[in-house]
Each structure stands twice: as C-alpha cells, then as structure tokens.
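Accompanying notes for the structure given below.
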Amino acid sequence: MPIQTIGILSPGDMGQAIAAVLNQHGLKTIAALDNRSERTRQLATAANIQDVGSLTQLVIESDVILSVLVPAAATEAAKQVAEVISTVGKQILYVDCNAIAPQKVINIAKLIESVGGTFVDASIIGPPPRVPNRTRIYTSGKQASQLQQLQDHGLDVRVIGDEIGQASGLKMSYAALTKGLTAIGTELLIAAHRLGLDKELWDEVSSSQKELASILIRSIPSMTPKAHRWVGEMEEIAETFKELGLTERIFYGAADVYRLVKETSLGKETPEECDHDRSLNEIITILSNEAISDT
C-alpha cells in the first residue's frame, strides 16, 4: 500500500517534528485539532500539518495513523480510533509509537485488529528528528515492512521482528538505561546540593567519571520540560520489568523523581520556553529549592 497521507496523534514536540520531516520529503500530514490547545495548534502550523478537525475525518483521510502520545493516553486514543474504524469501515494502518509496556501494546493491537485495522508496534529512540541521523524508529509486527516506505521520506525506520511487543520492549529496555540514569543523576545531584557538597562531588565525578559527567551535563537540562511525560514512561518500564520477574521498584522510584521535577518551575516550562543557556549547576539549585517529596 503506497503511503501518501499520515495522520498524527498528536502533534506535540515529537509528533510535530516527525510530521515536519515527512512534509519536507513529499508526504502529507494531517491532525484532528478540534478542542486541542493553542500550543498544539501552533506546533501543527509550524510543521505544516493540515487540520482536518475531527478524529473521524482523520481516519477517513489517512493511509497511516502514527500515535505519538504520553503513555497514559495511548490506550484511550486507540479505543477512539477503533470506534471510528468500526463506524466508517475503513481498513487503516495504526502505528503505536508510544513508550508503553509490551503487554499493553499487544492489547492495543488486538483492539485495532478486531475492527479490521492493521497494526504496527513502533518505538522512537532519540530526540525529535530535527537533525538527520539522530533518531531511529524501530518497528515490529507482520505489517512492519509497510512502514519502511518512510525511509524514502526522511525517517530512519528499522524492522526488528514480526512480533508485536518487540519494538516496545526495545524502547523499555533502552529508556530504562538512559532516562533511568538521568533520574538517578538528578536526585543524587540534588542530594549533594542539600548536603553542601556540590563542588566536591562534581570535581570527583568530572575527574573519575568524565563520560558520565558529560552525559549528565547533556541530559538533565533537556529533561526538565519533559519530566511530566517521563513519569508515565518510568511506570511503563516498571510494569515491563515486573512482568519479566524483575524488580519494578527502581523505576517507580525514577517516576517519583520526575514527578518531583514536573511540579517545579522548570518542570512547568514547555520545551519552547526552556532557557537552553542555563548551566547544570543553576538547574540543580532551582530543583533543590523547589522539589519537595510529600512522602
């Protein structure tokens, strides 16, 4: 099936960046922006995403729907799309690109397929694809090869298997390392600040753990406006690990760290509002002053 029109659920920071790349490489992207926020509308306009109004119209006009949402919204969005598919009787390819546990993806696939849709499991690794060769989209499922058409339109799409859950499992494992490490680094730096040991700790880390210091300098400043999204992602990782007979507690703790961050002034900024010139020390000082656990 040739892909010409792609529906984006939803044009947030990642979704609109994906859409912008696809538009620049000859495809049409659309979104259902009825009752959406002004920020979402602005992001969609900036990426040249066309507003078709309703979800029904999105399904009617799309060849493929890419679901790019916060984890908590993934299942409800799929239910709404499934209802529309059932009503209009259109076979459509639904691609779940959300950071959710493999079992949840399997359940969503069953839901979409039960009404005649086809399904691909996908995981996005890397930042929004504004810079070439930094973002990969891993896919799995029997229909995953269909999405490789997007390689001709600016995206790095890689098929890793024919089972639903493989792509999401890869995302859970990878994010456990990257975002789990960022959570640990954030909390320990706040702790050092409150102990009055900022300089001593950072001098030691910079000397004996240079690569780790570099990672924290890069990852923590970009994390703060996204912490609200990462709470759910850590919880999905926890559930994934629990299902595998491993401890889930590490990642519920990481979720708690991001929950603290999202309630601070830094966590309430949008990515567009974030001051990218803030030093790591400035960020940790603000978080130390504002992040308070209620447990």
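The chains in the structure tokens are called A, B, ... from first to last as shown; in each chain the residues are counted from 1, and the ligands are counted from 1 in the order shown.
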
Next on the checklist: Using only C-alpha atoms, which protein or nucleic acid residues come within 9 Å of A:Leu287? Drop anything in the same chain fewer than 5 positions from it, and give the result as a count of residues only.
Outcome noted: 9

Checklist entry - Contacts of stretch 154-170 of chain A at 7 Å or less, counting only C-alpha atoms, minus same-chain residues fewer than 6 places along, as a PyMOL selection string? => result chain A and resi 21-22+25+99-103+105-106+121-123+135-142+144-145+148

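When only C-alpha atoms are used to compute distances to A:Ala227, the closest of the residues A:Val70, A:Leu177, A:Ala32, A:Val115 turns out to be A:Val70.
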
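For stretch 55-246 of chain A, a DSSP pass over the backbone yields strand (DSSP E) at Val64, Ile65, Leu66, Ser67, Leu93, Tyr94, Val95, Asp96, Thr118, Phe119, Val120, Asp121, Ala122, Ser123, Ile124, Ile125, Arg136, Ile137, Tyr138, Thr139, Ser140, Val157, Arg158, Val159, Ile160 and Gly161 of chain A.
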
Determine, counting only C-alpha atoms, which protein, DNA and RNA residues have an atom within 10 Å of an atom of A:Ser219; residues of the same chain fewer than 2 positions away are not included. Present the result as a PDB file with C-alpha atoms, in the first residue's frame.
```pdb
ATOM      1  CA  THR A 178      19.038   6.493  29.522  1.00  0.00           C
ATOM      2  CA  LYS A 179      16.131   8.051  31.422  1.00  0.00           C
ATOM      3  CA  LEU A 181      20.280   7.147  34.619  1.00  0.00           C
ATOM      4  CA  THR A 182      19.066  10.742  34.247  1.00  0.00           C
ATOM      5  CA  ALA A 183      16.683  10.248  37.187  1.00  0.00           C
ATOM      6  CA  GLY A 185      21.826  11.634  38.378  1.00  0.00           C
ATOM      7  CA  THR A 186      19.213  14.305  39.055  1.00  0.00           C
ATOM      8  CA  ALA A 213      29.687  13.859  33.735  1.00  0.00           C
ATOM      9  CA  SER A 214      29.277  14.611  30.044  1.00  0.00           C
ATOM     10  CA  ILE A 215      26.053  12.590  29.901  1.00  0.00           C
ATOM     11  CA  LEU A 216      24.563  14.415  32.897  1.00  0.00           C
ATOM     12  CA  ILE A 217      25.508  17.838  31.513  1.00  0.00           C
ATOM     13  CA  PRO A 221      18.892  20.318  31.176  1.00  0.00           C
ATOM     14  CA  SER A 222      16.846  18.821  28.342  1.00  0.00           C
ATOM     15  CA  MET A 223      14.870  16.650  30.761  1.00  0.00           C
ATOM     16  CA  THR A 224      13.139  19.283  32.882  1.00  0.00           C
ATOM     17  CA  LEU A 280      23.629  22.319  35.164  1.00  0.00           C
TER      18      LEU A 280
END
```
